[in-house]
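Data file: input_37.cif. Format and content: mmCIF, C-alpha atoms.
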```cif
data_query
#
loop_
_atom_site.group_PDB
_atom_site.id
_atom_site.type_symbol
_atom_site.label_atom_id
_atom_site.label_comp_id
_atom_site.auth_asym_id
_atom_site.auth_seq_id
_atom_site.Cartn_x
_atom_site.Cartn_y
_atom_site.Cartn_z
ATOM 1 C CA MET A 1 -32.072 257.914 -69.824
ATOM 2 C CA LEU A 2 -32.099 260.725 -67.286
ATOM 3 C CA THR A 3 -29.897 263.750 -68.047
ATOM 4 C CA VAL A 4 -28.428 265.207 -64.847
ATOM 5 C CA ALA A 5 -26.205 267.813 -66.540
ATOM 6 C CA ALA A 6 -25.195 268.772 -70.075
ATOM 7 C CA ASN A 7 -22.895 271.662 -70.937
ATOM 8 C CA GLU A 8 -19.796 272.518 -72.977
ATOM 9 C CA ARG A 9 -17.486 270.675 -70.519
ATOM 10 C CA TYR A 10 -19.356 267.488 -69.616
ATOM 11 C CA ASP A 11 -22.529 265.427 -69.853
ATOM 12 C CA LEU A 12 -23.832 263.333 -66.954
ATOM 13 C CA LYS A 13 -26.635 260.858 -67.627
ATOM 14 C CA CYS A 14 -28.126 257.970 -65.664
ATOM 15 C CA ASP A 15 -29.755 254.806 -66.952
ATOM 16 C CA LEU A 16 -31.671 253.751 -63.858
ATOM 17 C CA ASN A 17 -32.726 250.397 -65.364
ATOM 18 C CA LYS A 18 -29.097 249.362 -65.900
ATOM 19 C CA ASN A 19 -27.885 251.169 -62.761
ATOM 20 C CA ARG A 20 -25.321 252.823 -65.025
ATOM 21 C CA MET A 21 -23.981 256.347 -65.210
ATOM 22 C CA PHE A 22 -22.727 257.825 -68.475
ATOM 23 C CA ILE A 23 -20.100 260.551 -68.238
ATOM 24 C CA THR A 24 -18.678 262.432 -71.215
ATOM 25 C CA ILE A 25 -15.740 264.751 -70.536
ATOM 26 C CA LYS A 26 -15.191 267.344 -73.272
ATOM 27 C CA GLY A 27 -12.180 269.419 -74.282
ATOM 28 C CA LEU A 28 -9.759 271.254 -72.019
ATOM 29 C CA TRP A 29 -11.215 272.365 -68.700
ATOM 30 C CA LYS A 30 -10.282 275.738 -67.306
ATOM 31 C CA SER A 31 -12.874 275.513 -64.530
ATOM 32 C CA LYS A 32 -14.356 272.764 -62.377
ATOM 33 C CA GLU A 33 -17.422 274.843 -61.591
ATOM 34 C CA GLY A 34 -20.481 272.692 -60.937
ATOM 35 C CA TYR A 35 -18.991 269.327 -61.920
ATOM 36 C CA LEU A 36 -18.531 267.792 -58.479
ATOM 37 C CA GLU A 37 -21.978 268.971 -57.385
ATOM 38 C CA ASP A 38 -23.591 267.554 -60.548
ATOM 39 C CA LEU A 39 -21.682 264.300 -60.099
ATOM 40 C CA GLU A 40 -22.888 263.969 -56.514
ATOM 41 C CA ASP A 41 -26.460 264.563 -57.726
ATOM 42 C CA ALA A 42 -26.043 261.774 -60.310
ATOM 43 C CA CYS A 43 -24.564 259.447 -57.670
ATOM 44 C CA ARG A 44 -27.624 259.923 -55.453
ATOM 45 C CA LYS A 45 -29.764 258.475 -58.254
ATOM 46 C CA MET A 46 -27.677 255.282 -58.469
ATOM 47 C CA GLN A 47 -27.832 252.176 -56.314
ATOM 48 C CA SER A 48 -24.683 250.761 -54.752
ATOM 49 C CA GLY A 49 -22.901 248.498 -57.230
ATOM 50 C CA PHE A 50 -23.510 250.832 -60.177
ATOM 51 C CA THR A 51 -21.297 250.944 -63.250
ATOM 52 C CA ILE A 52 -20.014 253.836 -65.335
ATOM 53 C CA HIS A 53 -19.409 254.279 -69.042
ATOM 54 C CA VAL A 54 -16.956 257.190 -69.384
ATOM 55 C CA ASP A 55 -16.260 258.856 -72.740
ATOM 56 C CA LEU A 56 -12.859 260.568 -72.740
ATOM 57 C CA THR A 57 -12.432 260.637 -76.521
ATOM 58 C CA SER A 58 -12.582 264.434 -76.704
ATOM 59 C CA MET A 59 -10.928 265.179 -73.345
ATOM 60 C CA LYS A 60 -7.681 267.131 -73.280
ATOM 61 C CA PRO A 61 -5.670 266.278 -70.123
ATOM 62 C CA CYS A 62 -4.734 269.232 -67.952
ATOM 63 C CA GLY A 63 -2.684 268.943 -64.766
ATOM 64 C CA ASP A 64 -4.415 271.907 -63.143
ATOM 65 C CA ILE A 65 -7.752 270.133 -63.078
ATOM 66 C CA GLY A 66 -6.378 266.732 -61.999
ATOM 67 C CA ILE A 67 -7.489 267.221 -58.413
ATOM 68 C CA VAL A 68 -11.081 267.405 -59.688
ATOM 69 C CA HIS A 69 -10.777 263.948 -61.259
ATOM 70 C CA GLU A 70 -9.368 262.612 -57.983
ATOM 71 C CA HIS A 71 -12.256 264.087 -55.983
ATOM 72 C CA ALA A 72 -14.744 262.782 -58.549
ATOM 73 C CA GLN A 73 -13.414 259.240 -58.339
ATOM 74 C CA ASN A 74 -13.417 259.335 -54.544
ATOM 75 C CA THR A 75 -17.054 260.472 -54.641
ATOM 76 C CA LEU A 76 -17.988 257.668 -57.036
ATOM 77 C CA MET A 77 -16.285 255.091 -54.826
ATOM 78 C CA ARG A 78 -18.036 256.439 -51.734
ATOM 79 C CA TYR A 79 -21.421 255.943 -53.452
ATOM 80 C CA GLY A 80 -20.659 252.311 -54.337
ATOM 81 C CA LEU A 81 -19.164 252.319 -57.837
ATOM 82 C CA ALA A 82 -18.456 248.732 -58.927
ATOM 83 C CA ASN A 83 -16.773 249.010 -62.344
ATOM 84 C CA THR A 84 -15.890 251.586 -64.968
ATOM 85 C CA ALA A 85 -15.517 251.238 -68.720
ATOM 86 C CA GLU A 86 -13.357 254.110 -69.917
ATOM 87 C CA VAL A 87 -13.443 254.867 -73.654
ATOM 88 C CA GLN A 88 -10.378 256.731 -74.880
ATOM 89 C CA GLU A 89 -8.534 257.483 -78.053
ATOM 90 C CA ASP A 90 -5.182 255.733 -78.275
ATOM 91 C CA ARG A 91 -3.138 258.493 -76.590
ATOM 92 C CA ALA A 92 -0.412 257.459 -74.166
ATOM 93 C CA LEU A 93 -0.485 260.691 -72.143
ATOM 94 C CA LEU A 94 -4.219 260.404 -71.510
ATOM 95 C CA ARG A 95 -3.938 256.717 -70.568
ATOM 96 C CA LEU A 96 -1.120 257.389 -68.113
ATOM 97 C CA THR A 97 -2.828 260.427 -66.606
ATOM 98 C CA MET A 98 -6.147 258.678 -66.053
ATOM 99 C CA ALA A 99 -4.459 255.495 -64.760
ATOM 100 C CA LYS A 100 -2.737 257.584 -62.087
ATOM 101 C CA TYR A 101 -6.098 258.869 -60.803
ATOM 102 C CA SER A 102 -7.809 255.464 -60.774
ATOM 103 C CA ASP A 103 -4.833 253.806 -59.078
ATOM 104 C CA LYS A 104 -4.979 256.439 -56.352
ATOM 105 C CA SER A 105 -8.743 256.114 -55.777
ATOM 106 C CA GLY A 106 -8.898 252.322 -56.129
ATOM 107 C CA MET A 107 -11.457 252.625 -58.930
ATOM 108 C CA LYS A 108 -11.770 249.390 -60.930
ATOM 109 C CA LYS A 109 -11.735 250.160 -64.622
ATOM 110 C CA ARG A 110 -11.008 248.800 -68.028
ATOM 111 C CA VAL A 111 -9.969 250.926 -71.010
ATOM 112 C CA PHE A 112 -11.660 250.541 -74.394
ATOM 113 C CA PHE A 113 -11.312 252.221 -77.769
ATOM 114 C CA SER A 114 -14.936 251.481 -78.753
ATOM 115 C CA HIS A 115 -18.211 252.441 -77.052
ATOM 116 C CA ALA A 116 -19.844 249.207 -78.221
ATOM 117 C CA GLU A 117 -17.134 247.068 -76.600
ATOM 118 C CA ALA A 118 -17.346 249.118 -73.397
ATOM 119 C CA GLU A 119 -21.116 248.625 -73.174
ATOM 120 C CA GLN A 120 -20.829 244.935 -73.979
ATOM 121 C CA TRP A 121 -18.313 244.453 -71.161
ATOM 122 C CA LEU A 122 -20.419 246.379 -68.635
ATOM 123 C CA ASP A 123 -23.549 244.446 -69.652
ATOM 124 C CA SER A 124 -21.663 241.154 -69.199
ATOM 125 C CA LEU A 125 -20.888 242.088 -65.585
ATOM 126 C CA ALA A 126 -24.596 242.339 -64.781
ATOM 127 C CA LYS A 127 -25.248 238.694 -65.707
#
```

This structure in structure tokens:
Amino acid sequence: MLTVAANERYDLKCDLNKNRMFITIKGLWKSKEGYLEDLEDACRKMQSGFTIHVDLTSMKPCGDIGIVHEHAQNTLMRYGLANTAEVQEDRALLRLTMAKYSDKSGMKKRVFFSHAEAEQWLDSLAK
């Protein structure tokens, strides 16, 4: 597993063998500094048709930073993202907020409440 970025706001890792990116979004963001650049760097390491396992279990939604999520998803789509497994806690506000962004970008995703189920689903797509 290759770590592209790790800080108090997010982790970005790439599993080149699976052609899968792992993104963990942490807490409440007050700044987008560096995220889009780090994400673009991670995307350059992926091959078209890659998948993403996103961990939003500790994310706190914030309207001010929503544009960053939109830009991020557009970047991922531009680099050839195929499918996303999004792991969340069962919070309606978070589900609705994140669904709005993926609907806008056209990102194909499925929401899970377990990392194991998310990985199993993504692995099944590669067969």

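Going from atom CA of A:Gln120 over to atom CA of A:Thr57, you cover 18.0 Å.
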
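Between atom CA of A:Thr24 and atom CA of A:Gly80 the interatomic distance comes to 19.8 Å.
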
Take the PyMOL selection byres ((chain A and resi 34) around 12), apply it to the structure above, and return the hits as a PyMOL selection string.
chain A and resi 4-7+9-12+31-33+35-41+68+72

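Atom CA of A:Ala82 is found 10.6 Å from atom CA of A:Ala126.
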
Resolved residues for the PyMOL selection byres ((chain A and resi 52) around 10) as a ChimeraX atom specification
/A:13-15,19-23,50-51,53-55,76,81-86,109,118-119,122

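For the choices A:Leu2, A:Arg110, A:Gly27, A:Met59, the atom-to-atom distance to A:Met46 is smallest for A:Leu2 when using all atoms listed in the file.
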
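If you measure from each of A:Val87, A:Ile67, A:Met77, A:Leu16 to A:Trp121 using all atoms listed in the file, the closest one turns out to be A:Val87.
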
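The closest residue to A:Lys60, picked from A:Asn17, A:Gln88, A:Thr3, A:Ser124 and counting only C-alpha atoms, is A:Gln88.
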
Using all atoms listed in the file, the shortest atom-to-atom distance to A:Ser58 among A:Met107, A:Ala42, A:Ala116, A:Ile25 belongs to A:Ile25

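Nearest-residue note for A:His69: choosing from A:Trp29, A:Met1, A:Asp90, A:Cys43, the minimum distance belongs to A:Trp29, counting all atoms listed in the file.
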